[in-house]
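Peer 1: Sharing protein-v5.tsv, TSV, C-alpha atoms and all ligand atoms:
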```
chain	number	residue	atom	x	y	z
A	1	GLN	CA	1.59	12.51	-45.95
A	2	LEU	CA	1.77	16.29	-46.08
A	3	ARG	CA	2.70	17.69	-49.48
A	4	THR	CA	3.82	21.11	-50.73
A	5	ASP	CA	1.38	20.95	-53.69
A	6	TYR	CA	-1.64	19.85	-51.65
A	7	TYR	CA	-3.84	22.79	-52.73
A	8	LYS	CA	-2.49	23.03	-56.27
A	9	LYS	CA	-5.81	22.09	-57.86
A	10	THR	CA	-8.28	22.96	-55.09
A	11	CYS	CA	-6.96	26.35	-53.92
A	12	PRO	CA	-3.95	27.73	-55.81
A	13	LYS	CA	-4.76	31.21	-54.48
A	14	VAL	CA	-4.27	30.21	-50.86
A	15	PHE	CA	-0.68	31.52	-50.77
A	16	SER	CA	-1.44	35.02	-52.05
A	17	ALA	CA	-4.46	35.24	-49.76
A	18	VAL	CA	-2.50	34.32	-46.63
A	19	GLU	CA	0.50	36.44	-47.53
A	20	SER	CA	-1.49	39.61	-48.16
A	21	VAL	CA	-3.20	39.44	-44.75
A	22	VAL	CA	0.08	38.62	-42.97
A	23	GLU	CA	1.76	41.54	-44.75
A	24	ASP	CA	-0.96	43.94	-43.66
A	25	ALA	CA	-0.79	42.69	-40.09
A	26	ILE	CA	3.00	43.05	-39.91
A	27	ARG	CA	2.86	46.48	-41.54
A	28	LYS	CA	0.56	47.55	-38.70
A	29	GLU	CA	2.61	45.86	-36.00
A	30	LYS	CA	5.96	44.20	-36.61
A	31	ARG	CA	5.67	42.05	-33.51
A	32	MET	CA	2.73	40.21	-35.07
A	33	GLY	CA	5.17	38.28	-37.28
A	34	ALA	CA	6.80	36.88	-34.15
A	35	SER	CA	3.45	36.09	-32.60
A	36	LEU	CA	2.35	34.08	-35.65
A	37	VAL	CA	5.55	32.02	-35.62
A	38	ARG	CA	5.02	31.19	-31.96
A	39	LEU	CA	1.38	30.28	-32.57
A	40	HIS	CA	2.49	27.50	-34.94
A	41	PHE	CA	4.97	26.17	-32.33
A	42	HIS	CA	2.38	26.12	-29.55
A	43	ASP	CA	-0.14	24.46	-31.85
A	44	CYS	CA	2.22	21.72	-33.03
A	45	PHE	CA	3.49	20.78	-29.55
A	46	VAL	CA	-0.02	20.04	-28.21
A	47	GLN	CA	-1.84	17.23	-30.09
A	48	GLY	CA	0.20	18.02	-33.21
A	49	CYS	CA	-0.29	20.75	-35.82
A	50	ASP	CA	-4.08	20.54	-35.84
A	51	GLY	CA	-5.31	24.04	-35.04
A	52	SER	CA	-6.26	22.94	-31.51
A	53	ILE	CA	-4.83	26.16	-30.04
A	54	LEU	CA	-7.33	28.23	-32.04
A	55	LEU	CA	-10.47	26.80	-30.41
A	56	ASP	CA	-12.31	29.12	-28.05
A	57	ASP	CA	-13.57	27.77	-24.74
A	58	THR	CA	-17.13	26.40	-24.82
A	59	SER	CA	-19.58	25.18	-22.22
A	60	SER	CA	-18.52	21.58	-22.84
A	61	PHE	CA	-14.74	22.00	-22.66
A	62	THR	CA	-12.01	24.44	-21.82
A	63	GLY	CA	-9.53	24.77	-24.68
A	64	GLU	CA	-5.84	25.58	-24.76
A	65	LYS	CA	-6.03	29.36	-24.79
A	66	THR	CA	-6.04	29.61	-21.01
A	67	ALA	CA	-3.26	27.06	-20.49
A	68	ALA	CA	-0.25	28.43	-18.61
A	69	PRO	CA	2.09	28.77	-21.63
A	70	ASN	CA	-0.63	30.49	-23.69
A	71	ASN	CA	-2.75	32.59	-21.35
A	72	ASN	CA	-2.10	36.31	-21.69
A	73	SER	CA	0.76	35.37	-23.95
A	74	VAL	CA	-0.08	33.78	-27.28
A	75	ARG	CA	-1.33	36.31	-29.87
A	76	GLY	CA	-2.50	36.47	-33.45
A	77	PHE	CA	-5.94	34.88	-33.30
A	78	ASN	CA	-7.59	37.84	-35.04
A	79	VAL	CA	-5.06	37.68	-37.86
A	80	ILE	CA	-5.84	33.97	-38.33
A	81	ASP	CA	-9.57	34.87	-38.43
A	82	ASN	CA	-8.89	37.49	-41.11
A	83	ILE	CA	-6.87	35.04	-43.19
A	84	LYS	CA	-9.55	32.39	-42.82
A	85	SER	CA	-12.31	34.67	-44.08
A	86	LYS	CA	-10.21	35.73	-47.05
A	87	VAL	CA	-9.35	32.10	-47.87
A	88	GLU	CA	-12.99	31.00	-47.46
A	89	HIS	CA	-13.91	33.71	-49.93
A	90	VAL	CA	-11.60	32.33	-52.65
A	91	CYS	CA	-12.06	28.59	-51.97
A	92	PRO	CA	-14.76	27.79	-49.43
A	93	GLY	CA	-14.42	24.71	-47.24
A	94	VAL	CA	-11.03	23.63	-48.57
A	95	VAL	CA	-8.14	24.98	-46.48
A	96	SER	CA	-7.68	23.95	-42.85
A	97	CYS	CA	-6.93	26.39	-40.05
A	98	ALA	CA	-3.88	24.30	-39.12
A	99	ASP	CA	-2.44	24.84	-42.61
A	100	ILE	CA	-3.23	28.55	-42.43
A	101	VAL	CA	-1.17	28.80	-39.23
A	102	ALA	CA	1.73	26.97	-40.90
A	103	ILE	CA	1.70	29.24	-43.96
A	104	ALA	CA	1.34	32.37	-41.83
A	105	ALA	CA	4.39	31.35	-39.77
A	106	ARG	CA	6.41	30.73	-42.94
A	107	ASP	CA	5.38	34.09	-44.43
A	108	SER	CA	6.15	35.94	-41.20
A	109	VAL	CA	9.73	34.69	-41.13
A	110	ALA	CA	10.23	35.66	-44.78
A	111	ILE	CA	8.65	39.11	-44.41
A	112	LEU	CA	10.89	39.89	-41.43
A	113	GLY	CA	13.99	39.11	-43.49
A	114	GLY	CA	14.47	35.40	-42.83
A	115	PRO	CA	14.48	32.44	-45.21
A	116	LYS	CA	11.44	31.30	-47.17
A	117	TRP	CA	10.62	27.64	-47.73
A	118	ASP	CA	8.01	25.45	-49.38
A	119	VAL	CA	5.57	24.62	-46.62
A	120	LYS	CA	4.05	21.15	-46.48
A	121	LEU	CA	0.24	21.11	-46.39
A	122	GLY	CA	-2.75	18.85	-46.01
A	123	ARG	CA	-3.28	19.04	-42.25
A	124	ARG	CA	-6.87	18.83	-41.06
A	125	ASP	CA	-8.34	20.54	-38.00
A	126	SER	CA	-9.01	18.90	-34.65
A	127	LYS	CA	-12.50	18.80	-33.22
A	128	THR	CA	-11.15	19.21	-29.71
A	129	ALA	CA	-8.37	20.80	-27.69
A	130	SER	CA	-6.78	19.75	-24.44
A	131	LEU	CA	-6.20	22.18	-21.59
A	132	SER	CA	-4.60	19.49	-19.45
A	133	LEU	CA	-2.19	18.44	-22.18
A	134	ALA	CA	-1.28	22.09	-22.92
A	135	ASN	CA	-0.59	22.53	-19.18
A	136	SER	CA	1.37	19.32	-18.78
A	137	GLY	CA	4.77	20.70	-19.71
A	138	VAL	CA	4.79	19.50	-23.33
A	139	ILE	CA	5.51	23.15	-24.10
A	140	PRO	CA	8.56	23.67	-21.90
A	141	PRO	CA	8.62	26.65	-19.53
A	142	PRO	CA	11.46	29.22	-19.66
A	143	THR	CA	12.75	27.93	-16.31
A	144	SER	CA	13.65	24.60	-17.95
A	145	THR	CA	17.02	22.95	-17.65
A	146	LEU	CA	18.89	22.06	-20.83
A	147	GLY	CA	18.09	18.39	-20.26
A	148	ASN	CA	14.40	19.21	-19.92
A	149	LEU	CA	14.39	21.19	-23.18
A	150	VAL	CA	16.13	18.35	-25.02
A	151	ASN	CA	13.62	15.84	-23.62
A	152	ARG	CA	10.55	17.93	-24.43
A	153	PHE	CA	11.62	18.38	-28.01
A	154	GLY	CA	12.70	14.73	-28.19
A	155	ALA	CA	9.18	13.72	-27.17
A	156	ARG	CA	7.98	15.44	-30.35
A	157	GLY	CA	10.58	13.78	-32.56
A	158	LEU	CA	12.89	16.80	-32.63
A	159	SER	CA	16.60	16.58	-31.89
A	160	ALA	CA	18.71	18.75	-29.59
A	161	LYS	CA	19.98	20.48	-32.71
A	162	ASP	CA	16.40	21.15	-33.85
A	163	MET	CA	15.68	22.60	-30.41
A	164	VAL	CA	18.70	24.92	-30.57
A	165	VAL	CA	17.96	26.10	-34.10
A	166	LEU	CA	14.21	26.59	-33.44
A	167	SER	CA	15.09	28.64	-30.35
A	168	GLY	CA	16.65	31.00	-32.89
A	169	ALA	CA	13.07	32.17	-33.52
A	170	HIS	CA	13.75	34.30	-30.43
A	171	THR	CA	15.60	36.60	-32.85
A	172	ILE	CA	12.18	38.29	-33.09
A	173	GLY	CA	9.44	39.13	-30.62
A	174	GLN	CA	8.98	40.14	-27.00
A	175	ALA	CA	8.72	38.59	-23.57
A	176	ARG	CA	7.03	39.68	-20.35
A	177	CYS	CA	8.97	40.71	-17.27
A	178	THR	CA	7.46	37.96	-15.15
A	179	LEU	CA	9.15	35.36	-17.38
A	180	PHE	CA	12.69	36.78	-17.14
A	181	ARG	CA	12.68	38.54	-13.74
A	182	ASP	CA	14.47	35.76	-11.92
A	183	ARG	CA	17.17	35.71	-14.57
A	184	ILE	CA	17.96	39.42	-14.54
A	185	TYR	CA	18.04	39.69	-10.72
A	186	ASN	CA	19.44	36.34	-9.61
A	187	GLU	CA	21.51	34.68	-12.31
A	188	THR	CA	25.24	35.15	-12.70
A	189	ASN	CA	25.74	34.04	-16.31
A	190	ILE	CA	24.40	37.39	-17.50
A	191	ASP	CA	26.15	40.52	-18.75
A	192	ARG	CA	25.92	43.03	-15.88
A	193	ALA	CA	25.08	46.08	-17.99
A	194	PHE	CA	22.46	44.12	-19.91
A	195	ALA	CA	20.89	42.93	-16.65
A	196	ARG	CA	20.71	46.51	-15.36
A	197	THR	CA	19.10	47.74	-18.57
A	198	ARG	CA	16.40	45.07	-18.33
A	199	GLN	CA	15.92	45.74	-14.60
A	200	SER	CA	15.04	49.36	-15.42
A	201	THR	CA	11.72	48.27	-16.94
A	202	CYS	CA	11.20	45.05	-14.97
A	203	PRO	CA	10.91	45.75	-11.24
A	204	ARG	CA	12.26	43.19	-8.77
A	205	ARG	CA	8.97	42.80	-6.95
A	206	SER	CA	6.17	41.03	-8.75
A	207	GLY	CA	3.06	43.09	-9.33
A	208	SER	CA	2.38	46.01	-11.61
A	209	GLY	CA	5.41	45.52	-13.87
A	210	ASP	CA	4.73	41.86	-14.61
A	211	ASN	CA	3.51	42.46	-18.15
A	212	ASN	CA	6.20	44.96	-19.16
A	213	LEU	CA	7.81	43.80	-22.38
A	214	ALA	CA	11.42	43.43	-23.46
A	215	PRO	CA	12.79	42.21	-26.80
A	216	LEU	CA	14.07	38.64	-26.88
A	217	ASP	CA	16.86	39.88	-29.20
A	218	LEU	CA	18.19	43.20	-27.93
A	219	LYS	CA	19.91	44.05	-31.23
A	220	THR	CA	17.40	43.38	-34.02
A	221	PRO	CA	14.02	42.46	-32.46
A	222	THR	CA	12.06	42.84	-35.70
A	223	PHE	CA	14.61	41.34	-38.08
A	224	PHE	CA	15.02	37.60	-38.59
A	225	ASP	CA	18.82	37.16	-38.42
A	226	ASN	CA	21.34	35.18	-36.34
A	227	SER	CA	21.83	37.95	-33.78
A	228	TYR	CA	20.10	35.82	-31.10
A	229	TYR	CA	23.15	33.51	-31.05
A	230	LYS	CA	25.61	36.41	-30.89
A	231	ASN	CA	23.73	37.67	-27.84
A	232	LEU	CA	24.10	34.29	-26.13
A	233	ILE	CA	27.89	34.38	-26.70
A	234	HIS	CA	27.89	37.74	-24.87
A	235	LYS	CA	25.68	36.46	-22.02
A	236	LYS	CA	22.80	38.62	-23.19
A	237	GLY	CA	20.15	35.96	-23.55
A	238	LEU	CA	16.86	37.25	-22.07
A	239	LEU	CA	15.29	34.01	-20.86
A	240	HIS	CA	16.91	31.41	-18.63
A	241	SER	CA	16.03	28.88	-21.37
A	242	ASP	CA	17.93	30.99	-23.91
A	243	GLN	CA	21.20	31.40	-22.00
A	244	ILE	CA	21.16	27.75	-20.86
A	245	LEU	CA	21.92	26.86	-24.50
A	246	TYR	CA	25.32	28.53	-24.12
A	247	ASN	CA	26.47	27.84	-20.62
A	248	GLY	CA	29.30	25.36	-20.86
A	249	GLY	CA	27.12	22.46	-21.94
A	250	SER	CA	26.58	20.17	-24.92
A	251	THR	CA	24.95	22.79	-27.15
A	252	ASP	CA	27.70	25.44	-26.91
A	253	SER	CA	29.30	24.41	-30.20
A	254	LEU	CA	26.01	24.84	-32.11
A	255	ILE	CA	25.56	28.33	-30.66
A	256	GLU	CA	29.08	29.22	-31.80
A	257	LEU	CA	28.36	27.83	-35.27
A	258	TYR	CA	25.10	29.76	-35.74
A	259	SER	CA	26.58	32.96	-34.31
A	260	LYS	CA	29.25	32.89	-37.01
A	261	ASN	CA	27.39	31.31	-39.89
A	262	PRO	CA	24.02	32.87	-40.77
A	263	LYS	CA	23.65	30.55	-43.76
A	264	ALA	CA	23.93	27.46	-41.56
A	265	PHE	CA	21.31	28.97	-39.26
A	266	SER	CA	18.91	29.69	-42.16
A	267	ASN	CA	19.30	26.24	-43.70
A	268	ASP	CA	18.94	24.37	-40.41
A	269	PHE	CA	16.04	26.58	-39.29
A	270	VAL	CA	14.11	25.78	-42.45
A	271	ALA	CA	14.68	22.05	-42.04
A	272	ALA	CA	13.61	22.15	-38.40
A	273	MET	CA	10.47	24.21	-39.11
A	274	ILE	CA	9.43	21.65	-41.72
A	275	LYS	CA	10.05	18.90	-39.18
A	276	MET	CA	8.05	20.74	-36.52
A	277	GLY	CA	5.21	21.26	-39.02
A	278	ASP	CA	5.09	17.49	-39.52
A	279	ILE	CA	4.18	16.70	-35.90
A	280	SER	CA	1.16	14.36	-35.76
A	281	PRO	CA	-1.06	15.93	-38.43
A	282	LEU	CA	-4.66	14.82	-38.88
A	283	THR	CA	-5.06	13.58	-42.45
A	284	GLY	CA	-7.45	11.54	-44.59
A	285	SER	CA	-10.83	11.31	-42.91
A	286	ASN	CA	-9.50	12.35	-39.49
A	287	GLY	CA	-10.50	15.74	-38.19
A	288	GLU	CA	-12.29	18.29	-40.35
A	289	ILE	CA	-11.92	21.52	-42.30
A	290	ARG	CA	-13.29	24.05	-39.83
A	291	LYS	CA	-15.52	26.80	-41.16
A	292	ASN	CA	-14.54	29.09	-38.32
A	293	CYS	CA	-11.10	28.58	-36.78
A	294	ARG	CA	-12.46	29.31	-33.29
A	295	ARG	CA	-14.92	26.40	-33.15
A	296	ALA	CA	-15.44	22.88	-34.40
A	297	ASN	CA	-18.06	22.56	-37.14
B	1	LIG	C1	13.03	25.97	-26.45
B	1	LIG	C2	11.96	26.17	-25.71
B	1	LIG	C3	11.24	27.48	-25.69
B	1	LIG	C4	10.92	28.19	-24.59
B	1	LIG	C5	11.20	27.80	-23.15
B	1	LIG	C6	10.27	29.40	-25.03
B	1	LIG	C7	9.76	30.36	-24.18
B	1	LIG	C8	9.22	31.57	-24.59
B	1	LIG	C9	8.73	32.58	-23.71
B	1	LIG	C10	8.70	32.48	-22.19
B	1	LIG	C11	8.31	33.63	-24.48
B	1	LIG	C12	7.69	34.94	-23.98
B	1	LIG	C13	6.21	34.72	-23.72
B	1	LIG	C14	5.54	35.86	-23.01
B	1	LIG	O1	6.18	36.87	-22.72
B	1	LIG	O2	4.34	35.76	-22.71
B	1	LIG	C15	8.54	33.27	-25.85
B	1	LIG	C16	8.27	34.07	-26.93
B	1	LIG	C17	8.46	33.69	-28.25
B	1	LIG	N1	8.81	32.43	-28.68
B	1	LIG	FE1	9.56	30.95	-27.56
B	1	LIG	N2	10.20	29.40	-26.39
B	1	LIG	C18	10.78	28.25	-26.85
B	1	LIG	C19	10.86	27.84	-28.16
B	1	LIG	C20	10.33	28.53	-29.23
B	1	LIG	C21	10.20	28.00	-30.57
B	1	LIG	C22	10.53	26.58	-30.98
B	1	LIG	C23	9.67	29.00	-31.33
B	1	LIG	C24	9.31	28.98	-32.78
B	1	LIG	C25	9.88	28.23	-33.69
B	1	LIG	C26	9.51	30.15	-30.47
B	1	LIG	C27	9.07	31.38	-30.88
B	1	LIG	C28	8.84	32.45	-30.03
B	1	LIG	C29	8.55	33.79	-30.52
B	1	LIG	C30	8.57	34.24	-31.96
B	1	LIG	C31	8.28	34.57	-29.38
B	1	LIG	C32	7.85	36.04	-29.34
B	1	LIG	C33	6.33	36.09	-29.51
B	1	LIG	C34	5.71	37.47	-29.52
B	1	LIG	O3	6.40	38.48	-29.45
B	1	LIG	O4	4.47	37.52	-29.55
B	1	LIG	N3	9.90	29.82	-29.20
B	1	LIG	N4	9.09	31.99	-25.89
B	2	CA	CA	-2.35	21.43	-31.69
B	3	CA	CA	16.90	39.57	-34.75
```
Could you quickly redo this structure as structure tokens?
Ligand code: HEM
Ligand SMILES: [Ca+2]
Ligand SMILES: [Ca+2]
Peer 2:
Amino acid sequence: QLRTDYYKKTCPKVFSAVESVVEDAIRKEKRMGASLVRLHFHDCFVQGCDGSILLDDTSSFTGEKTAAPNNNSVRGFNVIDNIKSKVEHVCPGVVSCADIVAIAARDSVAILGGPKWDVKLGRRDSKTASLSLANSGVIPPPTSTLGNLVNRFGARGLSAKDMVVLSGAHTIGQARCTLFRDRIYNETNIDRAFARTRQSTCPRRSGSGDNNLAPLDLKTPTFFDNSYYKNLIHKKGLLHSDQILYNGGSTDSLIELYSKNPKAFSNDFVAAMIKMGDISPLTGSNGEIRKNCRRAN
């Protein structure tokens, strides 16, 4: 039921309001564009695209922010707050936080040089969040097998192709040492020189270096292009879950396609983002339009 013209009458200024705040945030820190894209993914995979990830913990429940895939990892909540206050200023009580996250993700991709698409809108916000669901593996960990990745995306109505093309979002952003240490020290399907470079800022022993960052795309970490797939061809994927997409299995041919054909990547990425944004939205009289994205009304 989501529509691209959902706010046409009630809040036509929503797009300029979101875009200006996202632009400011990315001007200050390019990585924020990546963080906003990931925020939409982690929202949609838990209870659907309903803003559940934005809820702060309260005395009555613990939300998703401290779940394993999010804790110390997901970013951008302050930017969403800034967008929300700007949007509330132009059209109070109309635009959901879940829609704000979807528009911010779309704008981030476009600002960093990727495609721009008409984003479907009309999601409402959840009144709750689920720590246990967020921890249950619905967001797959980077240690996943290819079969596990395909199944986790399949459970959300996304195909193996959608999974491969959405993983192309790793053309931007950063990851912490603790999430790729095993790969750079123990795996063999990795370029030796690349592994050594990453080892220089990610010590073998866990401890103080755990939060050291490395770019997911070594070539163009702040530009939304198809370089992620070229890296995989050269065994320079950072995460286990990246390189597993090009490791002699069923998704190799898609990696080859996207590495050679940036247009195919753009087109398929747009289609898959729209599909991801359609996961179980709250509509009609379900949910609410939160006043503050961090708490239910
Ligand atoms: C296929 C399964 C996926 C796995 C296993 C995975 C795993 C990860 C991991 C481990 C990180 C680093 C987190 C950290 O260092 O704390 C990361 C970062 C990121 N992921 Fe994914 N991811 C997947 C799919 C996606 C999808 C579908 C998107 C968006 C469409 C996405 C967008 C991003 C972005 C943009 C970053 C960088 C965020 C930043 O720099 O703040 N990922 N991912
Ligand atoms: Ca959610
Ligand atoms: Ca890139």
Peer 1: Mind listing the residues within 9 Å of ligand CA 2 (chain B), all atoms listed in the file counted, as a VMD selection string?
Peer 2: chain A and resid 40 to 54 64 98 125 to 126 129 to 130 134 280 to 281
Peer 1: For chain A versus ligand CA 3 (chain B), which residues have an atom no more than 10 Å away, and what is each residue's nearest atom pair and distance in Å rounded to one decimal, using all atoms listed in the file, chain-then-number order, as CSV?
Peer 2:
```
residue,atom,partner,partner_atom,distance
A:Leu112,CA,B:CA3,CA,9.0
A:Gly113,CA,B:CA3,CA,9.2
A:Gly114,CA,B:CA3,CA,9.4
A:Gly168,CA,B:CA3,CA,8.8
A:Ala169,CA,B:CA3,CA,8.4
A:His170,CA,B:CA3,CA,7.5
A:Thr171,CA,B:CA3,CA,3.8
A:Ile172,CA,B:CA3,CA,5.2
A:Gly173,CA,B:CA3,CA,8.5
A:Pro215,CA,B:CA3,CA,9.3
A:Leu216,CA,B:CA3,CA,8.4
A:Asp217,CA,B:CA3,CA,5.6
A:Leu218,CA,B:CA3,CA,7.8
A:Lys219,CA,B:CA3,CA,6.4
A:Thr220,CA,B:CA3,CA,3.9
A:Pro221,CA,B:CA3,CA,4.7
A:Thr222,CA,B:CA3,CA,5.9
A:Phe223,CA,B:CA3,CA,4.4
A:Phe224,CA,B:CA3,CA,4.7
A:Asp225,CA,B:CA3,CA,4.8
A:Asn226,CA,B:CA3,CA,6.4
A:Ser227,CA,B:CA3,CA,5.3
A:Tyr228,CA,B:CA3,CA,6.1
A:Tyr229,CA,B:CA3,CA,9.5
A:Asn231,CA,B:CA3,CA,9.9
```
Peer 1: Give as a PyMOL selection string the residues surrounding ligand LIG 1 (chain B) up to a distance of 8 Å, considering only C-alpha atoms and all ligand atoms.
Peer 2: chain A and resi 31-41+69-75+139-144+149+153+163-164+166-180+211+213+215-216+239+241-242+273
Peer 1: Generate a file of the selected residues that holds C-alpha atoms, formatted as a PDB file, in the coordinates of the input.
Peer 2:
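The file below, result_7.pdb, is the result:
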```
ATOM      1  CA  ARG A  31       5.670  42.050 -33.510  1.00  0.00           C
ATOM      2  CA  MET A  32       2.730  40.210 -35.070  1.00  0.00           C
ATOM      3  CA  GLY A  33       5.170  38.280 -37.280  1.00  0.00           C
ATOM      4  CA  ALA A  34       6.800  36.880 -34.150  1.00  0.00           C
ATOM      5  CA  SER A  35       3.450  36.090 -32.600  1.00  0.00           C
ATOM      6  CA  LEU A  36       2.350  34.080 -35.650  1.00  0.00           C
ATOM      7  CA  VAL A  37       5.550  32.020 -35.620  1.00  0.00           C
ATOM      8  CA  ARG A  38       5.020  31.190 -31.960  1.00  0.00           C
ATOM      9  CA  LEU A  39       1.380  30.280 -32.570  1.00  0.00           C
ATOM     10  CA  HIS A  40       2.490  27.500 -34.940  1.00  0.00           C
ATOM     11  CA  PHE A  41       4.970  26.170 -32.330  1.00  0.00           C
ATOM     12  CA  PRO A  69       2.090  28.770 -21.630  1.00  0.00           C
ATOM     13  CA  ASN A  70      -0.630  30.490 -23.690  1.00  0.00           C
ATOM     14  CA  ASN A  71      -2.750  32.590 -21.350  1.00  0.00           C
ATOM     15  CA  ASN A  72      -2.100  36.310 -21.690  1.00  0.00           C
ATOM     16  CA  SER A  73       0.760  35.370 -23.950  1.00  0.00           C
ATOM     17  CA  VAL A  74      -0.080  33.780 -27.280  1.00  0.00           C
ATOM     18  CA  ARG A  75      -1.330  36.310 -29.870  1.00  0.00           C
ATOM     19  CA  ILE A 139       5.510  23.150 -24.100  1.00  0.00           C
ATOM     20  CA  PRO A 140       8.560  23.670 -21.900  1.00  0.00           C
ATOM     21  CA  PRO A 141       8.620  26.650 -19.530  1.00  0.00           C
ATOM     22  CA  PRO A 142      11.460  29.220 -19.660  1.00  0.00           C
ATOM     23  CA  THR A 143      12.750  27.930 -16.310  1.00  0.00           C
ATOM     24  CA  SER A 144      13.650  24.600 -17.950  1.00  0.00           C
ATOM     25  CA  LEU A 149      14.390  21.190 -23.180  1.00  0.00           C
ATOM     26  CA  PHE A 153      11.620  18.380 -28.010  1.00  0.00           C
ATOM     27  CA  MET A 163      15.680  22.600 -30.410  1.00  0.00           C
ATOM     28  CA  VAL A 164      18.700  24.920 -30.570  1.00  0.00           C
ATOM     29  CA  LEU A 166      14.210  26.590 -33.440  1.00  0.00           C
ATOM     30  CA  SER A 167      15.090  28.640 -30.350  1.00  0.00           C
ATOM     31  CA  GLY A 168      16.650  31.000 -32.890  1.00  0.00           C
ATOM     32  CA  ALA A 169      13.070  32.170 -33.520  1.00  0.00           C
ATOM     33  CA  HIS A 170      13.750  34.300 -30.430  1.00  0.00           C
ATOM     34  CA  THR A 171      15.600  36.600 -32.850  1.00  0.00           C
ATOM     35  CA  ILE A 172      12.180  38.290 -33.090  1.00  0.00           C
ATOM     36  CA  GLY A 173       9.440  39.130 -30.620  1.00  0.00           C
ATOM     37  CA  GLN A 174       8.980  40.140 -27.000  1.00  0.00           C
ATOM     38  CA  ALA A 175       8.720  38.590 -23.570  1.00  0.00           C
ATOM     39  CA  ARG A 176       7.030  39.680 -20.350  1.00  0.00           C
ATOM     40  CA  CYS A 177       8.970  40.710 -17.270  1.00  0.00           C
ATOM     41  CA  THR A 178       7.460  37.960 -15.150  1.00  0.00           C
ATOM     42  CA  LEU A 179       9.150  35.360 -17.380  1.00  0.00           C
ATOM     43  CA  PHE A 180      12.690  36.780 -17.140  1.00  0.00           C
ATOM     44  CA  ASN A 211       3.510  42.460 -18.150  1.00  0.00           C
ATOM     45  CA  LEU A 213       7.810  43.800 -22.380  1.00  0.00           C
ATOM     46  CA  PRO A 215      12.790  42.210 -26.800  1.00  0.00           C
ATOM     47  CA  LEU A 216      14.070  38.640 -26.880  1.00  0.00           C
ATOM     48  CA  LEU A 239      15.290  34.010 -20.860  1.00  0.00           C
ATOM     49  CA  SER A 241      16.030  28.880 -21.370  1.00  0.00           C
ATOM     50  CA  ASP A 242      17.930  30.990 -23.910  1.00  0.00           C
ATOM     51  CA  MET A 273      10.470  24.210 -39.110  1.00  0.00           C
TER      52      MET A 273
END
```
Peer 1: Nearest residue to A:Ile26 out of A:Val79, A:Val119, A:Leu133, A:Leu146, using only C-alpha atoms?
Peer 2: A:Val79
Peer 1: Residues at most 8 Å from A:Tyr246, counting all atoms listed in the file, excluding those fewer than 4 positions away in the same chain, as a PyMOL selection string?
Peer 2: chain A and resi 232-233+242+251-252+255
Peer 1: Determine the nearest neighbour of A:Arg152 from the options A:Asp56, A:Ala193, A:Ile83, A:Gly137, counting only C-alpha atoms.
Peer 2: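 Of A:Asp56, A:Ala193, A:Ile83, A:Gly137, the one nearest A:Arg152, counting only C-alpha atoms, is A:Gly137.
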Peer 1: So the first atom is atom CA of A:Val95 and the second is atom CA of A:Ala110; what is the distance between them in Å, to one decimal place?
Peer 2: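 Between these atoms lies a distance of 21.3 Å.
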Peer 1: So which residues touch A:Gly147 within 10 Å, counting all atoms listed in the file, skipping near sequence neighbours fewer than 6 positions away, as number ranges by chain?
Peer 2: A: 160, 244, 250
Peer 1: Counting all atoms listed in the file, which residue out of A:Asn297, A:Lys230, A:Arg181, A:Phe61 sits closest to A:Lys260?
Peer 2: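 Of A:Asn297, A:Lys230, A:Arg181, A:Phe61, the one nearest A:Lys260, counting all atoms listed in the file, is A:Lys230.
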Peer 1: Just checking: using all atoms listed in the file, which residue out of A:Leu121, A:Ala67, A:Ala25, A:Leu131 ends up closest to A:Ile103?
Peer 2: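 For A:Ile103, the nearest of the candidates is A:Leu121.
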Peer 1: Rank A:Thr201, A:Ser20, A:Ser259, A:Ser96 by their smallest atom-to-atom distance to A:Ile289, using all atoms listed in the file, and report the top residue only.
Peer 2: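 Among the listed residues, A:Ser96 lies closest to A:Ile289.
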